[in-house]
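Engineer: My structure is below; once you've seen it, I'll send some questions.
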Amino acid sequence: MTVRLRPHAFTRRHTIIGAVIVLLVVGGGGAWVVMRPTSSTAAAPTVVSVTTSTIRQSVSATGTLEPAHRADLTFAVSGTVTSLPVVVGDTVRAGAVLATVDTSSLETAVTSAQASVGATQDQLTAQQDAGSSAVQIASTQAQLADAQAKLADSETALAAASMTSPIAGTVAQVNIAVGDKVGGTASASSPSASGSAGSSSSSAGAASASSTAQVVVISTTSWVVTASVGSADLPQLKKGLQTEITPSGSATKIFGTVKSVGIIASSSSSGSATFPVTVTVTGSPKGLYAGGAADVSIIVRQVENVLSVPTNAVHTEGGKTVVHQMKDGAQVSTPVKVGTTYGAVTQILSGLKAGDKVVGTTFRLGGNRPSGGTGTRQGGGSGPGGTGGVDGPPPGFGGAGG
């Protein structure tokens with residue numbers, strides 16, 4: 001769980017505050033620890049600006065990118081593959097024919113079933129015209145119903161000789177070839193499945209590993225991230241929370257919303273319980289690939305317009321809380337009223353205003369970098385050559401409270 005600050009635009013003139021913080025999650029709560037320098041490091045005073053910022057509290061997770069829609073397709077009828085007009089990478093529309101099997105025996109079955117229905121219908125009509133007994137008529141009606149059911153089955157089988165895609169997307173796998181004999185073992189169809197008999201279409205979170213299906217089609221314009229979180233973070237999460245996503249190997253963030261939060265723990269090699277979380281990616285970002293890793297930051301709380309100073313700029317003198325403010329080139333002890341401390345920064349309720357200068361401390365770390373923790377950045381603006389705070393999301397992003 002991390003807290004990030006995003007400064008307002010007018011603070012970008014000021015000096016960035018250098019601090020390295022680690023958030024320790026204990027029983028669902030957070031404890032902030034400021035890394036102290038080792039004997040090989042040095043501390044130097046620096047003048048920093050009082051800033052008005054946005055505080056973000058988030059839960060971090062690592063997940064896997066998956067297509068939002070996926071269809072694993074297998075012929076529901078036996079036969080020999082006669083055509084296969086697609087290859088891996090082809091873009092297809094919903095309803096497009098992906099493969100066919102020989103239909104000669106299937107067409108014969110349909111013709112035979114049609115003849116049976118016709119003959120039985122004629123028999124029933126003749127009995128009714130002749131005033132046959134009710135028992136005879138009922139028996140023939142049952143035979144007609146059976147013949148009609150067989151005709152429907154044979155027509156369905158003939159239609160299933162053409163494998164069609166139930167979704168628009170890209171062909172991801174082709175595991176058959178022209179001339180192959182297929183056995184007609186249908187996949188179990190999900191509620192969203194449509195198209196040819198024997199096709200199954202699964203929605204968000206389908207595994208990206210190699211499939212036993214004969215043809216696999218995936219969406220490449222809509223994505224989800226399947227991730228997991230620990231039990232300590234689970235109570236903070238809910239459907240609709242907004243997220244920042246960084247795909248592996250990319251420096252560009254994409255955005256999304258929490259689609260679902262699982263309440264049944266999944267298995268873990270480490271022995272600790274983890275719970276599945278599915279995030280829907282916003283829009284149709286380019287350059288995403290099924291099975292790729294992604295870092296996810298789920299924003300569980302956001303506080304706007306927090307006036308803050310570096311925590312190490314706050315002192316106690318004579319029983320009062322003060323900061324060393326720069327006025328006319330001199331340091332002046334200025335009493336302040338503080339609010340919440342967010343690790344590297346502390347909220348100022350009164351005594352200072354945005355733009356005031358105070359004296360803090362910058363630690364120069366010689367490789368003393370925490371491991372296993374989650375980093376936090378202070379977005380207090382920048383001086384010449386400096387760097388601003390965390391990049392802001394698209395309009396309307398943020399503000400999801402927990």
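By order in the structure tokens, chains are A, B, ...; within a chain, residues start at 1; ligands start at 1, following the order shown.
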When you look at Ser222 in chain A with a cut-off of 9 Å (counting only C-alpha atoms), what residues show up, excluding the ones that are within fewer than 5 positions of it in the same chain? I need them as an MDAnalysis selection string.
Structural biologist: chainID A and resid 66:69 280:285
Engineer: Write a file of the selected residues as a short mmCIF file (atom, residue, chain, number, x, y, z; two decimals), in the first residue's frame, keeping N, CA and C atoms.
Structural biologist:
```
data_model
loop_
_atom_site.label_atom_id
_atom_site.label_comp_id
_atom_site.auth_asym_id
_atom_site.auth_seq_id
_atom_site.Cartn_x
_atom_site.Cartn_y
_atom_site.Cartn_z
N GLU A 66 -4.57 -9.93 -20.17
CA GLU A 66 -5.34 -10.94 -20.88
C GLU A 66 -6.36 -10.25 -21.78
N PRO A 67 -6.72 -10.88 -22.90
CA PRO A 67 -7.80 -10.32 -23.72
C PRO A 67 -9.11 -10.34 -22.93
N ALA A 68 -9.91 -9.31 -23.10
CA ALA A 68 -11.20 -9.26 -22.39
C ALA A 68 -12.15 -10.33 -22.90
N HIS A 69 -11.96 -10.77 -24.16
CA HIS A 69 -12.83 -11.80 -24.74
C HIS A 69 -11.95 -12.82 -25.46
N THR A 280 -10.38 -3.99 -15.52
CA THR A 280 -10.69 -3.73 -16.92
C THR A 280 -9.88 -2.53 -17.40
N VAL A 281 -9.13 -2.71 -18.47
CA VAL A 281 -8.31 -1.64 -19.03
C VAL A 281 -9.21 -0.64 -19.76
N THR A 282 -9.00 0.64 -19.52
CA THR A 282 -9.80 1.69 -20.16
C THR A 282 -9.35 1.91 -21.60
N GLY A 283 -10.31 2.00 -22.52
CA GLY A 283 -9.99 2.29 -23.92
C GLY A 283 -9.35 1.12 -24.63
N SER A 284 -8.63 1.43 -25.70
CA SER A 284 -7.97 0.41 -26.52
C SER A 284 -6.51 0.78 -26.74
N PRO A 285 -5.69 0.73 -25.67
CA PRO A 285 -4.28 1.09 -25.82
C PRO A 285 -3.54 0.14 -26.74
#
```
Engineer: Fewer than 5 positions away in the same chain doesn't count, so skip those; otherwise give me all residues within 9 Å of Ala113 in chain A, counting only C-alpha atoms, as a list in words.
Structural biologist: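 Once the adjacent positions are removed, what remains is Thr108, Gly118, Ala147, Gln148, Lys150, Leu151, Ala152 and Ser154 of chain A.
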Engineer: Between CA of Lys239 in chain A and CA of Val296 in chain A, measure the distance and give it in Å to one decimal.
Structural biologist: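 Between CA of Lys239 in chain A and CA of Val296 in chain A the gap works out to 14.9 Å.
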Engineer: Just to confirm, what's the straight-line distance from CA of Glu107 in chain A to CA of Ala157 in chain A in Å (one decimal)?
Structural biologist: 9.2 Å
Engineer: Can you pull out the residues contacting Thr62 in chain A? Cut-off 12 Å, using only C-alpha atoms, and skip same-chain residues under 6 positions away; I want them as a PyMOL selection string.
Structural biologist: chain A and resi 225-230+244-248+274+276-279+292-298
Engineer: Just list as a PyMOL selection string whatever in range 63-274 of chain A DSSP marks as alpha helix (DSSP H).
Structural biologist: chain A and resi 104-130+134-159
Engineer: Hey, which of A:Ser308, A:Thr170, A:Ser116, A:Thr212 ends up closest to Arg70 in chain A? Count only C-alpha atoms.
Structural biologist: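 Ranked by minimum distance to Arg70 in chain A, first place goes to A:Thr170.
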Engineer: Have a look at CA of Val359 in chain A and CA of Asn312 in chain A and let me know their distance in Å, one decimal.
Structural biologist: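 Taking CA of Val359 in chain A and CA of Asn312 in chain A, their separation equals 8.9 Å.
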Engineer: In terms of the shortest atom-to-atom distance over only C-alpha atoms, which of A:Leu234, A:Ala145, A:Leu98, A:Ala313 is closest to Val117 in chain A?
Structural biologist: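 When distances to Val117 in chain A are compared using only C-alpha atoms, the smallest one comes from A:Ala145.
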Engineer: Please identify all polymer residues within 10 Å of Gly89 in chain A, counting only C-alpha atoms, omitting same-chain residues fewer than 2 positions from it, and present them as a list of chain:residue names.
Structural biologist: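 After dropping sequence-adjacent residues, the list is A:Val86, A:Val87, A:Thr91, A:Val92, A:Gly169, A:Thr170, A:Val171, A:Ala172, A:Gln173, A:Val174, A:Val217.
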Engineer: For those residues, write C-alpha atoms to a file as a PDB file, in the first residue's frame.
Structural biologist:
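Output contents, as saved in again_26.pdb:
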```pdb
ATOM      1  CA  VAL A  86      -7.176 -18.455 -41.521  1.00  0.00           C
ATOM      2  CA  VAL A  87      -3.709 -18.404 -39.987  1.00  0.00           C
ATOM      3  CA  THR A  91      -8.157 -10.419 -37.993  1.00  0.00           C
ATOM      4  CA  VAL A  92     -11.678 -11.860 -38.206  1.00  0.00           C
ATOM      5  CA  GLY A 169     -10.804 -10.439 -32.902  1.00  0.00           C
ATOM      6  CA  THR A 170      -7.487 -11.941 -33.921  1.00  0.00           C
ATOM      7  CA  VAL A 171      -6.680 -15.605 -34.518  1.00  0.00           C
ATOM      8  CA  ALA A 172      -4.267 -16.543 -31.728  1.00  0.00           C
ATOM      9  CA  GLN A 173      -3.857 -20.302 -32.245  1.00  0.00           C
ATOM     10  CA  VAL A 174      -4.559 -22.822 -35.038  1.00  0.00           C
ATOM     11  CA  VAL A 217      -9.652 -16.211 -31.285  1.00  0.00           C
TER      12      VAL A 217
END
```
